[in-house]
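Data from start13.cif: mmCIF, C-alpha atoms
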```cif
data_coords
loop_
_atom_site.label_atom_id
_atom_site.label_comp_id
_atom_site.auth_asym_id
_atom_site.auth_seq_id
_atom_site.Cartn_x
_atom_site.Cartn_y
_atom_site.Cartn_z
CA MET A 1017 80.45 63.16 94.03
CA GLY A 1018 76.97 62.90 95.44
CA SER A 1019 75.13 65.20 97.73
CA VAL A 1020 76.14 65.69 101.36
CA THR A 1021 74.58 66.99 104.55
CA ILE A 1022 75.56 70.31 106.05
CA GLY A 1023 78.05 68.48 108.27
CA GLY A 1024 79.64 66.83 105.24
CA LEU A 1025 79.86 70.13 103.39
CA ALA A 1026 81.43 71.77 106.43
CA ARG A 1027 84.02 68.98 106.76
CA GLU A 1028 84.89 69.13 103.07
CA GLY A 1029 85.26 72.91 103.27
CA GLY A 1030 87.30 72.89 106.47
CA VAL A 1031 84.75 75.01 108.33
CA GLY A 1032 82.16 74.47 111.02
CA VAL A 1033 78.47 73.93 110.47
CA GLU A 1034 77.75 77.34 111.99
CA THR A 1035 80.02 78.92 109.38
CA ILE A 1036 77.92 77.33 106.63
CA ARG A 1037 74.78 78.71 108.26
CA PHE A 1038 76.42 82.12 108.60
CA TYR A 1039 77.28 82.13 104.88
CA GLN A 1040 73.67 81.19 104.15
CA ARG A 1041 72.34 84.07 106.25
CA ARG A 1042 74.71 86.41 104.36
CA GLY A 1043 73.40 85.09 101.03
CA LEU A 1044 76.74 83.62 100.00
CA LEU A 1045 75.46 80.04 100.02
CA ALA A 1046 71.97 78.85 99.18
CA THR A 1047 69.89 77.01 101.75
CA PRO A 1048 68.58 73.93 99.95
CA GLU A 1049 65.07 72.67 100.50
CA LYS A 1050 64.66 69.70 102.78
CA GLY A 1051 64.47 66.47 100.84
CA GLY A 1052 61.50 64.17 101.09
CA GLY A 1053 60.96 60.49 100.76
CA GLN A 1054 61.61 57.58 103.06
CA ASN A 1055 65.41 57.56 102.69
CA ALA A 1056 65.96 61.31 102.62
CA GLY A 1057 64.76 61.87 106.18
CA TYR A 1058 63.75 65.44 105.36
CA ILE A 1059 67.30 66.75 105.59
CA ARG A 1060 68.97 69.36 103.44
CA ARG A 1061 71.41 68.07 100.84
CA TYR A 1062 74.27 70.04 99.31
CA GLY A 1063 75.68 69.35 95.86
CA GLN A 1064 78.63 70.14 93.66
CA GLU A 1065 77.64 73.80 93.14
CA ASP A 1066 77.53 74.33 96.91
CA ARG A 1067 81.00 72.79 97.20
CA ARG A 1068 82.28 75.07 94.42
CA ARG A 1069 80.85 78.17 96.06
CA LEU A 1070 82.27 77.24 99.46
CA ARG A 1071 85.73 76.70 97.93
CA PHE A 1072 85.40 80.06 96.19
CA ILE A 1073 84.42 81.82 99.43
CA ARG A 1074 87.32 80.28 101.34
CA SER A 1075 89.83 81.11 98.59
CA ALA A 1076 88.58 84.68 98.30
CA GLN A 1077 88.84 85.10 102.08
CA ALA A 1078 92.42 83.81 101.95
CA ALA A 1079 93.11 86.51 99.35
CA GLY A 1080 91.84 89.09 101.84
CA PHE A 1081 88.44 89.86 100.34
CA THR A 1082 85.67 90.78 102.78
CA LEU A 1083 82.42 88.83 102.81
CA GLU A 1084 80.71 91.83 101.22
CA GLN A 1085 83.24 91.83 98.38
CA ILE A 1086 82.90 88.06 98.03
CA GLY A 1087 79.14 88.47 97.68
CA GLU A 1088 79.71 91.01 94.93
CA LEU A 1089 82.18 88.70 93.18
CA LEU A 1090 79.69 85.86 93.32
CA ALA A 1091 77.01 88.12 91.82
CA LEU A 1092 79.45 89.25 89.14
CA ASP A 1093 80.18 85.62 88.29
CA ALA A 1094 76.52 85.18 87.42
CA THR A 1095 76.55 88.22 85.13
CA GLN A 1096 80.08 87.64 83.81
CA ASP A 1097 81.00 91.29 84.51
CA ARG A 1098 84.73 90.85 84.07
CA HIS A 1099 85.47 94.59 84.20
CA ARG A 1100 84.03 95.01 87.70
CA ALA A 1101 85.66 91.79 88.93
CA ARG A 1102 89.01 93.08 87.64
CA GLU A 1103 88.47 96.41 89.42
CA LEU A 1104 87.73 94.62 92.69
CA ALA A 1105 90.91 92.56 92.27
CA LYS A 1106 92.95 95.72 91.58
CA GLN A 1107 91.52 97.39 94.70
CA GLN A 1108 92.39 94.30 96.73
CA LEU A 1109 95.94 94.31 95.37
CA ILE A 1110 96.38 97.94 96.45
CA PHE A 1111 95.03 97.09 99.90
CA LEU A 1112 97.36 94.08 100.19
CA ASP A 1113 100.38 96.09 99.04
CA ASP A 1114 99.64 98.72 101.70
CA ARG A 1115 99.18 96.05 104.35
CA ILE A 1116 102.43 94.32 103.35
CA ALA A 1117 104.27 97.64 103.63
CA GLU A 1118 102.81 98.16 107.13
CA LEU A 1119 103.75 94.65 108.20
CA ASN A 1120 107.28 95.06 106.83
CA ALA A 1121 107.68 98.27 108.84
CA VAL A 1122 106.49 96.53 112.00
CA ARG A 1123 108.79 93.59 111.27
CA ASP A 1124 111.77 95.91 110.82
CA SER A 1125 110.97 97.68 114.10
CA LEU A 1126 110.60 94.40 115.95
CA THR A 1127 113.90 93.17 114.50
CA ARG A 1128 115.63 96.32 115.79
CA LEU A 1129 113.99 95.90 119.20
CA ALA A 1130 115.06 92.25 119.41
CA ARG A 1131 118.62 93.22 118.53
CA ARG A 1132 118.62 95.95 121.20
CA CYS A 1133 117.13 93.54 123.73
CA GLY A 1134 120.01 91.13 123.06
CA GLU A 1135 122.59 93.77 123.95
CA ASN A 1136 123.99 93.78 127.46
CA SER A 1137 122.54 97.19 128.26
CA PRO A 1138 121.15 97.76 131.77
CA GLY A 1139 117.47 98.35 132.32
CA PRO A 1140 114.31 96.77 130.99
CA CYS A 1141 114.19 95.00 127.66
CA PRO A 1142 113.16 97.43 124.89
CA ILE A 1143 110.61 94.93 123.59
CA ILE A 1144 108.70 95.03 126.87
CA ALA A 1145 108.93 98.83 127.00
CA ALA A 1146 107.72 99.14 123.39
CA PHE A 1147 104.50 97.29 124.17
CA ASP A 1148 103.92 99.11 127.45
CA SER A 1149 100.84 101.34 127.24
CA ASP A 1150 102.95 104.36 128.22
CA HIS A 1151 104.99 103.82 125.05
CA ALA A 1152 102.13 103.38 122.58
CA GLY A 1153 103.35 103.26 119.02
CA ALA A 1154 106.94 102.61 120.07
CA VAL A 1155 107.19 99.45 117.98
CA ALA A 1156 106.42 101.27 114.76
CA GLY A 1157 108.89 103.99 115.58
CA ALA A 1158 111.64 101.91 117.20
CA SER A 1159 115.12 102.50 115.88
#
```
Take the structure in the file and give it back as C-alpha cells.
Amino acid sequence: MGSVTIGGLAREGGVGVETIRFYQRRGLLATPEKGGGQNAGYIRRYGQEDRRRLRFIRSAQAAGFTLEQIGELLALDATQDRHRARELAKQQLIFLDDRIAELNAVRDSLTRLARRCGENSPGPCPIIAAFDSDHAGAVAGAS
C-alpha cells in the first residue's frame, strides 16, 4: 500500500482527522514532513508504519490501556523491553478483572431490580427509585 493523506489514514483507522492530530500532539504518532514537488502539493503523507502504529493504538485502547500506557508500550517496542511490557499487561489484567467484578455486581443488582419492577407490587418501580438521587448507591446494594 502506498502513502495516504491524514484523511486517508483516519478513514483506514476508523477515527477522525482530529483524533490523528491528537495522537500526534501526544507523541503517539509522528507528524510527517510536508512533501514537495509538483505532484505532492506540499501535503503530509502517511505510510505503512503510521498505519501499524494507529492499529496498535486502537487495539491497545480496546484492551483498556490509557494513552499514557500506550505511549509507554510504544517506547518499549522500540527497546524490546519485554519484561516491562509484560508487567504493564499484568497490571491491565488486574484492572480489567476488578472492573469485570464491579460490572457483574451492577448487572446482578439491575437484574434483581428488574425482577422486582415486574412484580405487581404497589408504588413506584424500584428501578426508578434506585437511580433517584435520594437513593444514591441503591443499584449496587439492591437485593
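Applied to this file, the PyMOL selection byres ((chain A and resi 1024) around 12) selects the residues Met1017, Gly1018, Ser1019, Val1020, Thr1021, Ile1022, Gly1023, Leu1025, Ala1026, Arg1027, Glu1028, Gly1029, Gly1030, Val1031, Gly1032, Val1033, Ile1036, Arg1060, Arg1061, Tyr1062, Gly1063, Asp1066 and Arg1067 of chain A.
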Write out the residues from the selection above, keeping C-alpha atoms, as a compact mmCIF listing (two decimals), in the coordinates of the input.
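Listing of part-v8.txt after writing:
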```
# COMPACT_ATOMS: atom_id res chain seq x y z
CA MET A 1017 80.45 63.16 94.03
CA GLY A 1018 76.97 62.90 95.44
CA SER A 1019 75.13 65.20 97.73
CA VAL A 1020 76.14 65.69 101.36
CA THR A 1021 74.58 66.99 104.55
CA ILE A 1022 75.56 70.31 106.05
CA GLY A 1023 78.05 68.48 108.27
CA LEU A 1025 79.86 70.13 103.39
CA ALA A 1026 81.43 71.77 106.43
CA ARG A 1027 84.02 68.98 106.76
CA GLU A 1028 84.89 69.13 103.07
CA GLY A 1029 85.26 72.91 103.27
CA GLY A 1030 87.30 72.89 106.47
CA VAL A 1031 84.75 75.01 108.33
CA GLY A 1032 82.16 74.47 111.02
CA VAL A 1033 78.47 73.93 110.47
CA ILE A 1036 77.92 77.33 106.63
CA ARG A 1060 68.97 69.36 103.44
CA ARG A 1061 71.41 68.07 100.84
CA TYR A 1062 74.27 70.04 99.31
CA GLY A 1063 75.68 69.35 95.86
CA ASP A 1066 77.53 74.33 96.91
CA ARG A 1067 81.00 72.79 97.20
```
Taking all atoms listed in the file into account, which of A:Tyr1058, A:Leu1104, A:Gly1043, A:Lys1050 comes nearest Leu1070 (chain A)? A:Gly1043
With all atoms listed in the file as the atoms that count, which of A:Phe1111, A:Arg1098, A:Ala1130, A:Pro1142 lies nearest to Ala1079 (chain A)? A:Phe1111
I'd like the interatomic distance between CA of Thr1035 (chain A) and CA of Leu1083 (chain A), to a tenth of an Å.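 Going from CA of Thr1035 (chain A) over to CA of Leu1083 (chain A) covers 12.1 Å.
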Distance in Å - CA of Leu1045 (chain A) versus CA of Gly1080 (chain A):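 Going from CA of Leu1045 (chain A) over to CA of Gly1080 (chain A) covers 18.8 Å.
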I'd like the interatomic distance between CA of Thr1047 (chain A) and CA of Leu1090 (chain A), to a tenth of an Å.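 These atoms are spaced 15.7 Å apart.
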Taking into account all atoms listed in the file, which residue in the set A:Ala1046, A:Asp1097, A:Phe1081, A:Arg1123 is nearest to Leu1109 (chain A)? A:Phe1081
Using the chain letters and numbers from this file, what does the PyMOL selection byres ((chain A and resi 1089) around 10) select? Give the answer as a ChimeraX atom specification. /A:1072-1073,1076,1081,1083-1088,1090-1098,1100-1102,1104-1105
Skipping near chain neighbours, those fewer than 2 positions away, what residues fall within 7 Å of Ile1143 (chain A) using all atoms listed in the file, listed as a list in words?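 Using all atoms listed in the file, the neighbours found are Leu1129, Ala1130, Cys1133, Cys1141, Ala1145, Ala1146 and Phe1147 of chain A.
With all atoms listed in the file as the atoms that count, the residue of A:Gly1051, A:Leu1112, A:Leu1044, A:Thr1082 with the shortest distance to Arg1069 (chain A) is A:Leu1044.
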Can you sort out region 1115-1140 of chain A so it carries N, CA and C atoms, written as a PDB file, in the coordinates of the input?
```pdb
ATOM      1  N   ARG A1115      99.086  96.868 103.140  1.00  0.00           N
ATOM      2  CA  ARG A1115      99.180  96.050 104.350  1.00  0.00           C
ATOM      3  C   ARG A1115     100.556  95.399 104.469  1.00  0.00           C
ATOM      4  N   ILE A1116     101.096  94.917 103.349  1.00  0.00           N
ATOM      5  CA  ILE A1116     102.430  94.320 103.350  1.00  0.00           C
ATOM      6  C   ILE A1116     103.471  95.355 103.761  1.00  0.00           C
ATOM      7  N   ALA A1117     103.335  96.578 103.260  1.00  0.00           N
ATOM      8  CA  ALA A1117     104.270  97.640 103.630  1.00  0.00           C
ATOM      9  C   ALA A1117     104.192  97.915 105.141  1.00  0.00           C
ATOM     10  N   GLU A1118     102.966  97.957 105.688  1.00  0.00           N
ATOM     11  CA  GLU A1118     102.810  98.160 107.130  1.00  0.00           C
ATOM     12  C   GLU A1118     103.447  97.027 107.917  1.00  0.00           C
ATOM     13  N   LEU A1119     103.197  95.802 107.498  1.00  0.00           N
ATOM     14  CA  LEU A1119     103.750  94.650 108.200  1.00  0.00           C
ATOM     15  C   LEU A1119     105.270  94.613 108.107  1.00  0.00           C
ATOM     16  N   ASN A1120     105.820  94.997 106.961  1.00  0.00           N
ATOM     17  CA  ASN A1120     107.280  95.060 106.830  1.00  0.00           C
ATOM     18  C   ASN A1120     107.870  96.096 107.771  1.00  0.00           C
ATOM     19  N   ALA A1121     107.208  97.235 107.919  1.00  0.00           N
ATOM     20  CA  ALA A1121     107.680  98.270 108.840  1.00  0.00           C
ATOM     21  C   ALA A1121     107.649  97.765 110.280  1.00  0.00           C
ATOM     22  N   VAL A1122     106.583  97.086 110.652  1.00  0.00           N
ATOM     23  CA  VAL A1122     106.490  96.530 112.000  1.00  0.00           C
ATOM     24  C   VAL A1122     107.555  95.461 112.198  1.00  0.00           C
ATOM     25  N   ARG A1123     107.758  94.629 111.186  1.00  0.00           N
ATOM     26  CA  ARG A1123     108.790  93.590 111.270  1.00  0.00           C
ATOM     27  C   ARG A1123     110.173  94.206 111.460  1.00  0.00           C
ATOM     28  N   ASP A1124     110.474  95.237 110.694  1.00  0.00           N
ATOM     29  CA  ASP A1124     111.770  95.910 110.820  1.00  0.00           C
ATOM     30  C   ASP A1124     111.951  96.490 112.221  1.00  0.00           C
ATOM     31  N   SER A1125     110.901  97.106 112.750  1.00  0.00           N
ATOM     32  CA  SER A1125     110.970  97.680 114.100  1.00  0.00           C
ATOM     33  C   SER A1125     111.181  96.594 115.139  1.00  0.00           C
ATOM     34  N   LEU A1126     110.460  95.492 114.994  1.00  0.00           N
ATOM     35  CA  LEU A1126     110.600  94.400 115.950  1.00  0.00           C
ATOM     36  C   LEU A1126     111.990  93.769 115.857  1.00  0.00           C
ATOM     37  N   THR A1127     112.537  93.686 114.671  1.00  0.00           N
ATOM     38  CA  THR A1127     113.900  93.170 114.500  1.00  0.00           C
ATOM     39  C   THR A1127     114.896  94.057 115.233  1.00  0.00           C
ATOM     40  N   ARG A1128     114.739  95.383 115.086  1.00  0.00           N
ATOM     41  CA  ARG A1128     115.630  96.320 115.790  1.00  0.00           C
ATOM     42  C   ARG A1128     115.480  96.182 117.306  1.00  0.00           C
ATOM     43  N   LEU A1129     114.227  96.055 117.762  1.00  0.00           N
ATOM     44  CA  LEU A1129     113.990  95.900 119.200  1.00  0.00           C
ATOM     45  C   LEU A1129     114.615  94.609 119.723  1.00  0.00           C
ATOM     46  N   ALA A1130     114.493  93.523 118.980  1.00  0.00           N
ATOM     47  CA  ALA A1130     115.060  92.250 119.410  1.00  0.00           C
ATOM     48  C   ALA A1130     116.587  92.343 119.482  1.00  0.00           C
ATOM     49  N   ARG A1131     117.176  93.037 118.515  1.00  0.00           N
ATOM     50  CA  ARG A1131     118.620  93.220 118.530  1.00  0.00           C
ATOM     51  C   ARG A1131     119.045  94.035 119.758  1.00  0.00           C
ATOM     52  N   ARG A1132     118.308  95.112 120.034  1.00  0.00           N
ATOM     53  CA  ARG A1132     118.620  95.950 121.200  1.00  0.00           C
ATOM     54  C   ARG A1132     118.412  95.196 122.500  1.00  0.00           C
ATOM     55  N   CYS A1133     117.414  94.308 122.521  1.00  0.00           N
ATOM     56  CA  CYS A1133     117.130  93.540 123.730  1.00  0.00           C
ATOM     57  C   CYS A1133     118.260  92.537 123.986  1.00  0.00           C
ATOM     58  N   GLY A1134     118.922  92.082 122.920  1.00  0.00           N
ATOM     59  CA  GLY A1134     120.010  91.130 123.060  1.00  0.00           C
ATOM     60  C   GLY A1134     121.299  91.765 123.541  1.00  0.00           C
ATOM     61  N   GLU A1135     121.394  93.087 123.470  1.00  0.00           N
ATOM     62  CA  GLU A1135     122.590  93.770 123.950  1.00  0.00           C
ATOM     63  C   GLU A1135     122.649  93.709 125.466  1.00  0.00           C
ATOM     64  N   ASN A1136     123.811  93.864 126.007  1.00  0.00           N
ATOM     65  CA  ASN A1136     123.990  93.780 127.460  1.00  0.00           C
ATOM     66  C   ASN A1136     123.780  95.129 128.136  1.00  0.00           C
ATOM     67  N   SER A1137     122.828  95.886 127.666  1.00  0.00           N
ATOM     68  CA  SER A1137     122.540  97.190 128.260  1.00  0.00           C
ATOM     69  C   SER A1137     121.745  96.988 129.551  1.00  0.00           C
ATOM     70  N   PRO A1138     121.943  97.863 130.533  1.00  0.00           N
ATOM     71  CA  PRO A1138     121.150  97.760 131.770  1.00  0.00           C
ATOM     72  C   PRO A1138     119.717  98.245 131.518  1.00  0.00           C
ATOM     73  N   GLY A1139     118.846  97.886 132.391  1.00  0.00           N
ATOM     74  CA  GLY A1139     117.470  98.350 132.320  1.00  0.00           C
ATOM     75  C   GLY A1139     116.551  97.335 131.665  1.00  0.00           C
ATOM     76  N   PRO A1140     115.301  97.709 131.541  1.00  0.00           N
ATOM     77  CA  PRO A1140     114.310  96.770 130.990  1.00  0.00           C
ATOM     78  C   PRO A1140     114.560  96.512 129.499  1.00  0.00           C
TER      79      PRO A1140
END
```
